[in-house]
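Novice: This one is input-v3.txt, compact mmCIF, C-alpha atoms.
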```txt
# COMPACT_ATOMS: atom_id res chain seq x y z
CA MET A 1 15.78 -12.96 -19.23
CA LEU A 2 12.50 -12.07 -17.50
CA GLU A 3 11.96 -8.37 -16.91
CA GLN A 4 10.90 -7.66 -13.35
CA LYS A 5 8.45 -4.79 -12.99
CA ARG A 6 8.10 -2.71 -9.86
CA LEU A 7 4.68 -2.94 -8.26
CA THR A 8 2.61 0.22 -8.19
CA ALA A 9 2.60 2.09 -4.89
CA ILE A 10 -1.03 2.49 -3.88
CA LYS A 11 -2.09 5.71 -2.15
CA MET A 12 -3.71 4.68 1.10
CA ARG A 13 -4.82 5.80 4.52
CA ILE A 14 -2.83 4.36 7.39
CA ASN A 15 -5.80 2.63 9.03
CA ASP A 16 -6.45 0.65 5.82
CA ILE A 17 -2.90 -0.67 6.09
CA VAL A 18 -2.68 -1.47 9.80
CA GLU A 19 -6.17 -3.00 9.93
CA GLY A 20 -5.36 -5.28 7.00
CA GLU A 21 -4.13 -8.84 7.26
CA TYR A 22 -0.45 -9.41 6.44
CA LYS A 23 0.07 -12.35 4.06
CA VAL A 24 3.41 -14.08 3.48
CA GLU A 25 4.09 -15.49 0.02
CA GLU A 26 6.64 -18.02 -1.19
CA GLY A 27 9.53 -17.40 -3.59
CA PHE A 28 9.65 -14.16 -5.54
CA THR A 29 5.99 -13.32 -5.01
CA PRO A 30 5.89 -10.26 -2.73
CA ASN A 31 4.23 -10.36 0.66
CA TYR A 32 1.19 -8.13 0.92
CA ILE A 33 -1.56 -6.65 3.05
CA LEU A 34 -5.05 -7.93 2.34
CA THR A 35 -7.24 -4.92 3.10
CA ARG A 36 -10.74 -5.20 4.50
CA ASP A 37 -12.13 -4.35 1.05
CA GLY A 38 -10.13 -7.18 -0.58
CA ARG A 39 -7.18 -5.34 -2.15
CA LYS A 40 -3.71 -6.92 -2.15
CA ILE A 41 -1.19 -4.17 -1.34
CA SER A 42 2.60 -4.68 -1.36
CA ARG A 43 3.78 -1.10 -1.95
CA VAL A 44 2.09 1.94 -0.49
CA ARG A 45 2.25 5.69 -0.71
CA ILE A 46 1.17 7.46 2.45
CA LEU A 47 1.07 11.07 3.52
CA GLY A 48 1.32 11.86 7.21
CA THR A 49 2.68 14.09 9.92
CA VAL A 50 5.77 12.91 11.81
CA VAL A 51 4.80 12.47 15.47
CA SER A 52 7.99 10.77 16.71
CA VAL A 53 11.58 10.18 15.58
CA PHE A 54 13.99 7.52 16.82
CA GLU A 55 17.63 6.72 16.07
CA SER A 56 19.53 3.89 17.76
CA GLU A 57 22.77 4.73 19.54
CA ASP A 58 24.86 2.92 16.93
CA GLY A 59 22.93 4.55 14.05
CA GLN A 60 22.02 1.18 12.53
CA PHE A 61 18.26 1.61 13.06
CA ASN A 62 16.05 4.66 12.52
CA SER A 63 12.31 5.08 12.60
CA ILE A 64 9.65 7.73 12.40
CA THR A 65 6.00 7.41 13.34
CA LEU A 66 3.48 8.93 10.94
CA ASP A 67 -0.07 10.01 11.71
CA ASP A 68 -2.57 10.78 8.94
CA GLY A 69 -5.59 11.31 11.17
CA THR A 70 -6.84 7.73 10.76
CA ASP A 71 -4.06 5.87 12.62
CA THR A 72 -0.28 5.76 13.04
CA ILE A 73 2.41 3.60 11.45
CA ARG A 74 6.17 3.36 11.79
CA VAL A 75 8.57 3.82 8.91
CA LYS A 76 11.81 1.94 9.60
CA THR A 77 15.29 1.94 8.09
CA PHE A 78 18.15 -0.40 8.89
CA LYS A 79 21.93 -0.53 8.50
CA GLY A 80 22.90 2.94 7.45
CA MET A 81 20.02 3.92 5.20
CA ASN A 82 19.99 7.72 5.45
CA LEU A 83 16.43 8.37 4.27
CA LEU A 84 15.17 9.53 7.67
CA LYS A 85 18.15 11.64 8.79
CA LYS A 86 16.66 15.06 7.96
CA ILE A 87 13.08 14.30 9.03
CA LYS A 88 11.83 15.93 12.24
CA ILE A 89 8.69 15.94 14.38
CA GLY A 90 5.95 18.04 12.79
CA ASP A 91 7.08 17.49 9.19
CA LEU A 92 4.43 16.50 6.66
CA VAL A 93 6.02 13.72 4.61
CA ASP A 94 5.10 11.60 1.60
CA VAL A 95 6.45 8.04 1.83
CA ILE A 96 6.63 5.35 -0.84
CA GLY A 97 7.67 1.97 0.46
CA LYS A 98 7.06 -1.71 1.01
CA VAL A 99 4.73 -3.00 3.68
CA ARG A 100 6.31 -5.41 6.17
CA GLU A 101 5.33 -7.11 9.42
CA TYR A 102 7.38 -8.18 12.42
CA ASN A 103 6.07 -9.42 15.78
CA GLY A 104 2.53 -8.38 14.86
CA GLU A 105 3.50 -4.80 13.92
CA ILE A 106 2.84 -3.70 10.37
CA TYR A 107 5.36 -1.08 9.24
CA ILE A 108 6.89 0.42 6.09
CA ILE A 109 10.40 0.11 4.68
CA PRO A 110 10.77 3.37 2.73
CA GLU A 111 12.09 3.61 -0.81
CA ILE A 112 11.39 7.34 -1.18
CA ILE A 113 10.52 9.92 1.43
CA TYR A 114 10.26 13.65 1.11
CA ASN A 115 8.89 16.67 2.95
CA VAL A 116 5.70 18.21 1.59
CA GLU A 117 5.51 21.99 1.76
CA ASP A 118 2.03 22.51 0.34
CA PHE A 119 -0.62 21.53 2.87
CA ASN A 120 -3.24 21.39 0.08
CA THR A 121 -1.54 18.10 -0.76
CA GLU A 122 -3.42 16.50 2.17
CA THR A 123 -6.78 17.43 0.68
CA LEU A 124 -5.74 16.25 -2.78
CA ARG A 125 -4.48 12.92 -1.38
CA MET A 126 -7.74 12.36 0.51
CA LEU A 127 -9.71 12.91 -2.70
CA GLU A 128 -7.41 10.57 -4.65
CA ILE A 129 -7.93 7.84 -2.05
CA VAL A 130 -11.72 8.27 -2.10
CA LYS A 131 -11.70 8.04 -5.91
CA SER A 132 -9.52 4.90 -5.82
CA LYS A 133 -11.79 3.22 -3.25
CA ASN A 134 -14.88 4.01 -5.32
CA GLU A 135 -13.24 2.54 -8.45
CA TRP A 136 -12.35 -0.61 -6.47
CA LYS A 137 -15.96 -0.95 -5.23
CA LYS A 138 -17.17 -0.83 -8.83
CA LYS A 139 -14.72 -3.60 -9.76
CA VAL A 140 -15.92 -5.73 -6.84
CA GLU A 141 -19.53 -5.25 -7.97
CA LEU A 142 -18.65 -6.26 -11.56
CA VAL A 143 -16.90 -9.44 -10.38
CA LYS A 144 -19.78 -10.39 -8.07
CA LYS A 145 -22.32 -9.69 -10.82
CA ASN A 146 -20.54 -11.98 -13.31
CA LYS A 147 -18.90 -14.69 -11.17
CA ASP A 148 -21.85 -17.10 -11.37
CA LYS A 149 -22.16 -16.72 -15.16
CA MET A 150 -18.75 -18.18 -16.07
CA ASN A 151 -15.80 -20.07 -14.63
CA GLU A 152 -12.84 -18.20 -13.13
CA ASP A 153 -10.65 -18.27 -16.26
CA GLU A 154 -13.51 -17.03 -18.46
CA LEU A 155 -14.29 -14.32 -15.89
CA LYS A 156 -10.66 -13.11 -15.85
CA LYS A 157 -10.56 -12.98 -19.65
CA PHE A 158 -13.92 -11.22 -19.92
CA LEU A 159 -13.10 -8.57 -17.30
CA SER A 160 -9.64 -8.02 -18.75
CA GLU A 161 -10.89 -7.56 -22.31
CA HIS A 162 -13.98 -5.47 -21.51
CA TYR A 163 -12.98 -3.54 -18.39
CA GLY A 164 -9.16 -3.59 -18.25
CA PHE A 165 -8.96 -5.71 -15.08
CA LYS A 166 -5.68 -7.27 -14.04
CA GLU A 167 -5.79 -10.99 -13.34
CA SER A 168 -4.57 -10.38 -9.78
CA GLU A 169 -7.48 -7.99 -9.14
CA VAL A 170 -10.04 -10.64 -10.05
CA GLU A 171 -8.22 -13.23 -7.91
CA SER A 172 -8.12 -10.83 -4.97
CA ILE A 173 -11.86 -10.11 -5.20
CA LEU A 174 -12.70 -13.82 -5.45
CA LEU A 175 -10.81 -14.66 -2.23
```
Take the structure I supplied and represent it as C-alpha cells, if you would.
Specialist:
Amino acid sequence: MLEQKRLTAIKMRINDIVEGEYKVEEGFTPNYILTRDGRKISRVRILGTVVSVFESEDGQFNSITLDDGTDTIRVKTFKGMNLLKKIKIGDLVDVIGKVREYNGEIYIIPEIIYNVEDFNTETLRMLEIVKSKNEWKKKVELVKKNKDKMNEDELKKFLSEHYGFKESEVESILL
C-alpha cells in the first residue's frame, strides 16, 4: 500500500496567495496556487489579524477574514467544523490549511487554527518568509544557470544530488 504524505504548509504572505494563479489538477494530485515567483503551493501557513467573522443562520458555514498587512483572505469552514467558533475580531491567528478557489475567490480551508498571544511572532514570521523567498530565488537562479547544459531529467538528477532539490521544484521553475 502506498503511503500518502501530507504536503508541507508553506509560510506565506496573503498577497502572494491571492495574486497567484489557481491551478486544478486531475486525480489525486492536489490543486495548487502558482505564485508569481513560480512556486506551487497547496498548503499554506498564514498569520493575520481577524477583521471580520461570519456564521450562517443554520451554523453550516463559518468564515473569518484575515489581514496580514499585504492583503486579506477568507478562511472558510463547512458543515459543522468548529475550528472558527472561538475566534473573534481583533485576534491574531495562525492558520494552516489548504488553498481553494470558488467563483474566482481564493480562500483557505483550515486544518489548524490558533490564537497567537506573542506579537513578536509577526516579526519572526516576516523574517521566515523573507528567508524562504531568498532561498527560492537562489534555486531559480541555479535552474536557469544549468537548464541549457543538460536535458530536464539530467537537470533534476543533478540538482537533487548536489543541492537537495525536489523534482517538483525543478518542474515548477521550468514552467
Novice: CA of Asn62 (chain A) and CA of Val93 (chain A), how far apart in Å?
Specialist: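 Computed distance, CA of Val93 (chain A) to CA of Asn62 (chain A), equals 15.7 Å.
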Novice: So, counting only C-alpha atoms, which residue among A:Ile173, A:Leu47, A:Val18, A:Ile106 is closest to Asp71 (chain A)?
Specialist: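 With only C-alpha atoms as the atom set, the closest residue is A:Val18.
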Novice: Just checking: using all atoms listed in the file, which residue out of A:Arg36, A:Glu26, A:Phe78, A:Val50 ends up closest to Leu66 (chain A)?
Specialist: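 Looking only at the distances to Leu66 (chain A), the closest residue turns out to be A:Val50.
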Novice: So that I can check the surroundings of Ile109 (chain A), please list as number ranges by chain every protein, DNA and RNA residue that reaches within 8 Å of it, counting all atoms listed in the file and ignoring chain neighbours fewer than 5 positions away.
Specialist: A: 75-77, 97-100
Novice: Counting only C-alpha atoms, what is within 10 Å of Trp136 (chain A), bar same-chain residues fewer than 6 positions away, as a PyMOL selection string?
Specialist: chain A and resi 37-39+130+142+169+173
Novice: Nearest to Leu155 (chain A) among A:Asn134, A:Glu141, A:Thr49, A:Glu171, with distances taken over all atoms listed in the file: which residue is it?
Specialist: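 Closest candidate: A:Glu171.
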Novice: Quick one: distance from CA of Ser168 (chain A) to CA of Lys40 (chain A) in Å, one decimal?
Specialist: 8.4 Å
Novice: Find the residue from A:Ser132, A:Ser42, A:Thr35, A:Gln60 that sits nearest to Arg6 (chain A); use all atoms listed in the file when measuring.
Specialist: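 Answer, going by the shortest atom-to-atom distance: A:Ser42.
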Novice: Can you work out which one of A:Gly104, A:Ile64, A:Val95, A:Lys85 has the shortest atom-to-atom distance to Tyr22 (chain A), counting all atoms listed in the file?
Specialist: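 Comparing A:Gly104, A:Ile64, A:Val95, A:Lys85 against Tyr22 (chain A), the winner is A:Gly104.
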Novice: Using only C-alpha atoms, give me every residue within 8 Å of (14.1, 12.6, 1.7) in file coordinates, as a short mmCIF file (atom, residue, chain, number, x, y, z; two decimals) with C-alpha atoms, in the frame of the given file.
Specialist:
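Just written: out.cif:
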```
data_model
loop_
_atom_site.label_atom_id
_atom_site.label_comp_id
_atom_site.auth_asym_id
_atom_site.auth_seq_id
_atom_site.Cartn_x
_atom_site.Cartn_y
_atom_site.Cartn_z
CA LEU A 83 16.43 8.37 4.27
CA LEU A 84 15.17 9.53 7.67
CA LYS A 86 16.66 15.06 7.96
CA ILE A 87 13.08 14.30 9.03
CA ILE A 112 11.39 7.34 -1.18
CA ILE A 113 10.52 9.92 1.43
CA TYR A 114 10.26 13.65 1.11
CA ASN A 115 8.89 16.67 2.95
#
```
